[in-house]
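Peer 1: One structure follows; several queries about it will come next.
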Amino acid sequence: MRHRTWKSLAALCGALLIAGTGQSLAAAPVSGSLARPAPEAPVRPLFPIAGQTVVLDPGHNGGGAAHTDEINAQVPDGRGGTKPCNTTGTSGDDGYTEHEFNWDVAQRVRDLLSARGYQVIMSRDSDTGVGPCVNDRGTLGNRVGAAAVVSIHADGAPAGAHGFHVAYSSPALNDAQSGPSVQLATTLRDTMVGAGLATSTYVGSDGLNPRADLAGLNFSERPTALVECGNMRDPGDAAVIESPDGRARFAQVIATAVAAYLG
Ligand code: ZN
């Protein structure tokens with residue numbers, strides 16, 4: 001998808017569908033820019049390829065805290081070891097929970113990407129359930145043939161530490177992890193910085209954080225990254241995380257980054 005030429009895009013037009021309508025692009029009004037792109041303009045598809053799937057993984061789940069036996073069960077970690085099925089996630093000092101934040105932002109990203117024509121699959125369908133376990137989250141993108149997978153989280157670090165970071169699997173365990181996942185993570189980082197969001201002051205480097213311990217990343221054979229939007233224990237970050245406008249801002253920038261990566 002990343003280096004499609006105009007000719008190959010045109011050849012694919014017959015197969016394109018305008019998502020949500022089932023309408024063939026060939027039967028739709030064709031804009032002048034679609035018919036005659038400027039010679040020097042970068043070529044970008046106006047619609048994603050039909051069937052292009054994005055997996056969103058809102059971290060944790062609202063029922064986890066009441067089902068500790070289930071979420072503490074050991075599952076494969078993707079590197080030969082085991083780790084708990086899930087954790088409850090963190091929370092702000094006022095009790096606003098990470099799972100609620102993750103779910104809210106993921107729904108917003110889903111709506112934005114769906115409106116752009118992507119097929120979006122979520123790792124959970126509510127904020128009241130238990131799981132799925134991290135190993136199942138990690139293989140979801142493989143099972144549905146995702147073009148990109150984004151896990152959405154917020155962090156819990158000491159007050160004063162602030163900013164976002166984007167994690168990816170490292171050392172890479174397959175081709176998707178060695179290149180495309182790093183590219184997806186970098187695109188997310190760059191788009192977030194471009195939107196005025198500050199990179200983490202306390203973990204990673206320049207907003208990127210390669211990690212070997214996250215099963216959700218280790219198991220993936222698709223381009224996958226995990227966004228920690230900010231530190232819920234920092235007053236400045238928490239003010240953004242806990243406001244609807246802030247969550248809309250995170251969602252907009254994540255959706256923009258995914259579309260940029262896939263474009
Ligand atoms: Zn989390």
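Residues are named by chain letter and number: chains run A, B, ... in the order of the structure tokens, numbers start at 1 in each chain, and ligands are numbered from 1 in the order shown.
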Give the residue list for ligand 1 at 8 Å, counting only C-alpha atoms and all ligand atoms, as a PyMOL selection string, sorted by chain and then by residue number.

Peer 2: chain A and resi 59-60+87-90+98-99+152-155+228

Peer 1: Counting only C-alpha atoms, what is within 12 Å of A:Asp127, bar same-chain residues fewer than 5 positions away, as a PDB file with N, CA, C and O atoms, in the first residue's frame?

Peer 2:
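Saved the output as part.pdb:
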```
ATOM      1  N   ASP A  57      -7.133  -2.088  19.563  1.00  0.00           N
ATOM      2  CA  ASP A  57      -7.089  -2.873  20.800  1.00  0.00           C
ATOM      3  C   ASP A  57      -7.094  -1.936  22.000  1.00  0.00           C
ATOM      4  O   ASP A  57      -6.029  -1.488  22.443  1.00  0.00           O
ATOM      5  N   PRO A  58      -8.289  -1.604  22.499  1.00  0.00           N
ATOM      6  CA  PRO A  58      -8.342  -0.804  23.724  1.00  0.00           C
ATOM      7  C   PRO A  58      -7.876  -1.645  24.912  1.00  0.00           C
ATOM      8  O   PRO A  58      -8.479  -2.669  25.254  1.00  0.00           O
ATOM      9  N   GLY A  59      -6.800  -1.220  25.542  1.00  0.00           N
ATOM     10  CA  GLY A  59      -6.178  -2.036  26.576  1.00  0.00           C
ATOM     11  C   GLY A  59      -7.078  -2.310  27.781  1.00  0.00           C
ATOM     12  O   GLY A  59      -7.944  -1.513  28.121  1.00  0.00           O
ATOM     13  N   HIS A  60      -6.849  -3.523  28.387  1.00  0.00           N
ATOM     14  CA  HIS A  60      -7.545  -3.914  29.619  1.00  0.00           C
ATOM     15  C   HIS A  60      -9.051  -4.079  29.365  1.00  0.00           C
ATOM     16  O   HIS A  60      -9.474  -4.188  28.215  1.00  0.00           O
ATOM     17  N   ASN A  61      -9.842  -4.092  30.464  1.00  0.00           N
ATOM     18  CA  ASN A  61     -11.295  -4.206  30.311  1.00  0.00           C
ATOM     19  C   ASN A  61     -11.941  -3.920  31.666  1.00  0.00           C
ATOM     20  O   ASN A  61     -11.328  -4.173  32.719  1.00  0.00           O
ATOM     21  N   GLY A  62     -13.149  -3.410  31.633  1.00  0.00           N
ATOM     22  CA  GLY A  62     -13.771  -2.923  32.857  1.00  0.00           C
ATOM     23  C   GLY A  62     -14.108  -3.986  33.877  1.00  0.00           C
ATOM     24  O   GLY A  62     -14.239  -3.689  35.072  1.00  0.00           O
ATOM     25  N   GLY A  63     -14.253  -5.236  33.429  1.00  0.00           N
ATOM     26  CA  GLY A  63     -14.592  -6.308  34.363  1.00  0.00           C
ATOM     27  C   GLY A  63     -13.395  -6.990  34.979  1.00  0.00           C
ATOM     28  O   GLY A  63     -13.551  -7.890  35.827  1.00  0.00           O
ATOM     29  N   GLY A  64     -12.205  -6.582  34.601  1.00  0.00           N
ATOM     30  CA  GLY A  64     -11.008  -7.280  35.051  1.00  0.00           C
ATOM     31  C   GLY A  64     -10.793  -7.218  36.559  1.00  0.00           C
ATOM     32  O   GLY A  64     -10.407  -8.217  37.187  1.00  0.00           O
ATOM     33  N   ALA A  65     -11.044  -6.048  37.150  1.00  0.00           N
ATOM     34  CA  ALA A  65     -10.748  -5.870  38.579  1.00  0.00           C
ATOM     35  C   ALA A  65     -11.585  -6.795  39.451  1.00  0.00           C
ATOM     36  O   ALA A  65     -11.161  -7.171  40.556  1.00  0.00           O
ATOM     37  N   THR A  88      -5.441  -4.970  35.317  1.00  0.00           N
ATOM     38  CA  THR A  88      -6.584  -4.068  35.413  1.00  0.00           C
ATOM     39  C   THR A  88      -6.316  -2.739  34.725  1.00  0.00           C
ATOM     40  O   THR A  88      -7.255  -2.030  34.375  1.00  0.00           O
ATOM     41  N   THR A  97     -10.568   5.606  35.228  1.00  0.00           N
ATOM     42  CA  THR A  97      -9.798   4.407  34.910  1.00  0.00           C
ATOM     43  C   THR A  97      -9.207   4.435  33.507  1.00  0.00           C
ATOM     44  O   THR A  97      -9.779   5.003  32.577  1.00  0.00           O
ATOM     45  N   GLU A  98      -8.086   3.726  33.402  1.00  0.00           N
ATOM     46  CA  GLU A  98      -7.443   3.607  32.092  1.00  0.00           C
ATOM     47  C   GLU A  98      -8.324   2.844  31.110  1.00  0.00           C
ATOM     48  O   GLU A  98      -8.408   3.220  29.941  1.00  0.00           O
ATOM     49  N   HIS A  99      -8.971   1.754  31.587  1.00  0.00           N
ATOM     50  CA  HIS A  99      -9.763   0.972  30.625  1.00  0.00           C
ATOM     51  C   HIS A  99     -10.874   1.806  30.020  1.00  0.00           C
ATOM     52  O   HIS A  99     -11.219   1.652  28.843  1.00  0.00           O
ATOM     53  N   GLU A 100     -11.430   2.737  30.837  1.00  0.00           N
ATOM     54  CA  GLU A 100     -12.490   3.623  30.329  1.00  0.00           C
ATOM     55  C   GLU A 100     -11.931   4.588  29.288  1.00  0.00           C
ATOM     56  O   GLU A 100     -12.555   4.830  28.248  1.00  0.00           O
ATOM     57  N   PHE A 101     -10.763   5.130  29.589  1.00  0.00           N
ATOM     58  CA  PHE A 101     -10.099   6.018  28.619  1.00  0.00           C
ATOM     59  C   PHE A 101      -9.805   5.280  27.316  1.00  0.00           C
ATOM     60  O   PHE A 101     -10.112   5.764  26.219  1.00  0.00           O
ATOM     61  N   ASN A 102      -9.204   4.087  27.435  1.00  0.00           N
ATOM     62  CA  ASN A 102      -8.834   3.324  26.240  1.00  0.00           C
ATOM     63  C   ASN A 102     -10.061   3.030  25.380  1.00  0.00           C
ATOM     64  O   ASN A 102     -10.018   3.127  24.152  1.00  0.00           O
ATOM     65  N   TRP A 103     -11.140   2.635  26.052  1.00  0.00           N
ATOM     66  CA  TRP A 103     -12.372   2.284  25.344  1.00  0.00           C
ATOM     67  C   TRP A 103     -12.964   3.506  24.645  1.00  0.00           C
ATOM     68  O   TRP A 103     -13.390   3.430  23.486  1.00  0.00           O
ATOM     69  N   ASP A 104     -12.980   4.626  25.327  1.00  0.00           N
ATOM     70  CA  ASP A 104     -13.525   5.857  24.748  1.00  0.00           C
ATOM     71  C   ASP A 104     -12.727   6.278  23.518  1.00  0.00           C
ATOM     72  O   ASP A 104     -13.298   6.570  22.461  1.00  0.00           O
ATOM     73  N   VAL A 105     -11.410   6.309  23.657  1.00  0.00           N
ATOM     74  CA  VAL A 105     -10.577   6.741  22.531  1.00  0.00           C
ATOM     75  C   VAL A 105     -10.703   5.761  21.364  1.00  0.00           C
ATOM     76  O   VAL A 105     -10.820   6.169  20.201  1.00  0.00           O
ATOM     77  N   ALA A 106     -10.700   4.468  21.678  1.00  0.00           N
ATOM     78  CA  ALA A 106     -10.785   3.472  20.604  1.00  0.00           C
ATOM     79  C   ALA A 106     -12.091   3.597  19.829  1.00  0.00           C
ATOM     80  O   ALA A 106     -12.113   3.467  18.601  1.00  0.00           O
ATOM     81  N   GLN A 107     -13.179   3.851  20.543  1.00  0.00           N
ATOM     82  CA  GLN A 107     -14.453   4.038  19.836  1.00  0.00           C
ATOM     83  C   GLN A 107     -14.395   5.239  18.907  1.00  0.00           C
ATOM     84  O   GLN A 107     -14.921   5.206  17.788  1.00  0.00           O
ATOM     85  N   MET A 122     -12.484  -4.394  16.619  1.00  0.00           N
ATOM     86  CA  MET A 122     -12.032  -4.084  17.975  1.00  0.00           C
ATOM     87  C   MET A 122     -11.715  -5.390  18.717  1.00  0.00           C
ATOM     88  O   MET A 122     -12.371  -6.408  18.521  1.00  0.00           O
ATOM     89  N   PRO A 132     -10.123  -9.769  26.333  1.00  0.00           N
ATOM     90  CA  PRO A 132      -9.390 -11.007  26.113  1.00  0.00           C
ATOM     91  C   PRO A 132      -7.952 -10.933  26.651  1.00  0.00           C
ATOM     92  O   PRO A 132      -7.441  -9.856  26.923  1.00  0.00           O
TER      93      PRO A 132
END
```

Peer 1: Check the DSSP output for the backbone and give back, as a PyMOL selection string, the residues of stretch 133-168 of chain A in helix (DSSP H, G or I).

Peer 2: chain A and resi 134-144

Peer 1: Write the residues of the selection above to a file with N, CA and C atoms, as a PDB file, in the first residue's frame.

Peer 2:
```
ATOM      1  N   VAL A 134      -3.887 -11.158  26.736  1.00  0.00           N
ATOM      2  CA  VAL A 134      -2.955 -10.416  25.878  1.00  0.00           C
ATOM      3  C   VAL A 134      -2.457 -11.245  24.695  1.00  0.00           C
ATOM      4  N   ASN A 135      -2.345 -12.570  24.867  1.00  0.00           N
ATOM      5  CA  ASN A 135      -1.892 -13.374  23.737  1.00  0.00           C
ATOM      6  C   ASN A 135      -2.955 -13.424  22.649  1.00  0.00           C
ATOM      7  N   ASP A 136      -4.234 -13.459  23.045  1.00  0.00           N
ATOM      8  CA  ASP A 136      -5.310 -13.428  22.050  1.00  0.00           C
ATOM      9  C   ASP A 136      -5.400 -12.066  21.373  1.00  0.00           C
ATOM     10  N   ARG A 137      -5.175 -11.027  22.139  1.00  0.00           N
ATOM     11  CA  ARG A 137      -5.143  -9.694  21.519  1.00  0.00           C
ATOM     12  C   ARG A 137      -4.008  -9.636  20.494  1.00  0.00           C
ATOM     13  N   GLY A 138      -2.893 -10.271  20.843  1.00  0.00           N
ATOM     14  CA  GLY A 138      -1.723 -10.217  19.961  1.00  0.00           C
ATOM     15  C   GLY A 138      -1.895 -10.949  18.650  1.00  0.00           C
ATOM     16  N   THR A 139      -2.753 -11.960  18.624  1.00  0.00           N
ATOM     17  CA  THR A 139      -2.951 -12.714  17.384  1.00  0.00           C
ATOM     18  C   THR A 139      -4.172 -12.241  16.597  1.00  0.00           C
ATOM     19  N   LEU A 140      -4.949 -11.313  17.142  1.00  0.00           N
ATOM     20  CA  LEU A 140      -6.179 -10.897  16.462  1.00  0.00           C
ATOM     21  C   LEU A 140      -5.891 -10.343  15.068  1.00  0.00           C
ATOM     22  N   GLY A 141      -4.901  -9.494  14.960  1.00  0.00           N
ATOM     23  CA  GLY A 141      -4.575  -8.919  13.653  1.00  0.00           C
ATOM     24  C   GLY A 141      -4.174  -9.984  12.644  1.00  0.00           C
ATOM     25  N   ASN A 142      -3.470 -11.026  13.113  1.00  0.00           N
ATOM     26  CA  ASN A 142      -3.082 -12.129  12.219  1.00  0.00           C
ATOM     27  C   ASN A 142      -4.317 -12.849  11.703  1.00  0.00           C
ATOM     28  N   ARG A 143      -5.275 -13.057  12.617  1.00  0.00           N
ATOM     29  CA  ARG A 143      -6.456 -13.856  12.272  1.00  0.00           C
ATOM     30  C   ARG A 143      -7.360 -13.138  11.286  1.00  0.00           C
ATOM     31  N   VAL A 144      -7.388 -11.826  11.324  1.00  0.00           N
ATOM     32  CA  VAL A 144      -8.294 -11.087  10.440  1.00  0.00           C
ATOM     33  C   VAL A 144      -7.554 -10.427   9.278  1.00  0.00           C
TER      34      VAL A 144
END
```

Peer 1: In Å, rounded to a single decimal, give me how far atom CA of A:Arg124 is from atom CA of A:Asp111.

Peer 2: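 So the answer is 15.1 Å.
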
Peer 1: Atom CA of A:Phe219 and atom CA of A:Asn72, how far apart in Å?

Peer 2: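 Atom CA of A:Phe219 lies 18.9 Å from atom CA of A:Asn72.
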
Peer 1: What separation in Å, quoted to one decimal, exists between atom CA of A:Asp245 and atom CA of A:Gly194?

Peer 2: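 Between atom CA of A:Asp245 and atom CA of A:Gly194 the gap is 17.6 Å.
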
Peer 1: Neighbours of A:Val240 within 12 Å (only C-alpha atoms; same-chain residues fewer than 3 positions away dropped), as a list in words?

Peer 2: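 Contacts, in chain order: Gly92, Phe101, Ala154, His162, Gly163, Phe164, Leu197, Ala198, Cys229, Gly230, Asn231, Met232, Arg233, Asp234, Pro235, Gly236, Asp237, Ser243, Pro244, Asp245, Gly246, Arg247, Ala248, Arg249 and Phe250 of chain A.
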
Peer 1: So which residues of stretch 10-257 of chain A fall under strand (DSSP E or B) by DSSP, listed as an NGL selection string?

Peer 2: :A and (17-18 or 23-24 or 53-58 or 74-76 or 82-84 or 91 or 97 or 119-122 or 148-155 or 164-169 or 199 or 205 or 208-211 or 224-231)

Peer 1: Under the rule that only C-alpha atoms are counted, which of A:Ala251, A:Leu112, A:Ala212, A:Leu226 is the nearest residue to A:Ala172?

Peer 2: A:Ala212

Peer 1: Check the smallest atom-to-atom distance from each of A:Val120, A:Val109, A:Ala161, A:Leu262 to A:Thr201 using only C-alpha atoms, then report the winner.

Peer 2: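 Of A:Val120, A:Val109, A:Ala161, A:Leu262, the one nearest A:Thr201, counting only C-alpha atoms, is A:Ala161.
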
Peer 1: Rank A:Glu221, A:Gly204, A:Gly216, A:Pro210 by their smallest atom-to-atom distance to A:Val182, using only C-alpha atoms, and report the top residue only.

Peer 2: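 Using only C-alpha atoms, the shortest distance to A:Val182 belongs to A:Pro210.
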
Peer 1: Out of A:Ala159, A:Asp190, A:Ser220, A:Asp213, which residue has the shortest atom-to-atom distance to A:Ser178 when counting only C-alpha atoms?

Peer 2: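 The closest residue to A:Ser178 is A:Ser220.
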
Peer 1: Pick out the residues sitting within 9 Å of A:Asp206, and hand them over as a PyMOL selection string; count only C-alpha atoms, and ignore anything fewer than 4 positions along from it in its own chain.

Peer 2: chain A and resi 165+189+199-201

Peer 1: Could you tell me which of A:Ala148, A:Met192, A:Val203, A:Ala238 comes closest to A:Ala259 if we count only C-alpha atoms?

Peer 2: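 Residue with the minimum atom-to-atom distance to A:Ala259: A:Ala148.
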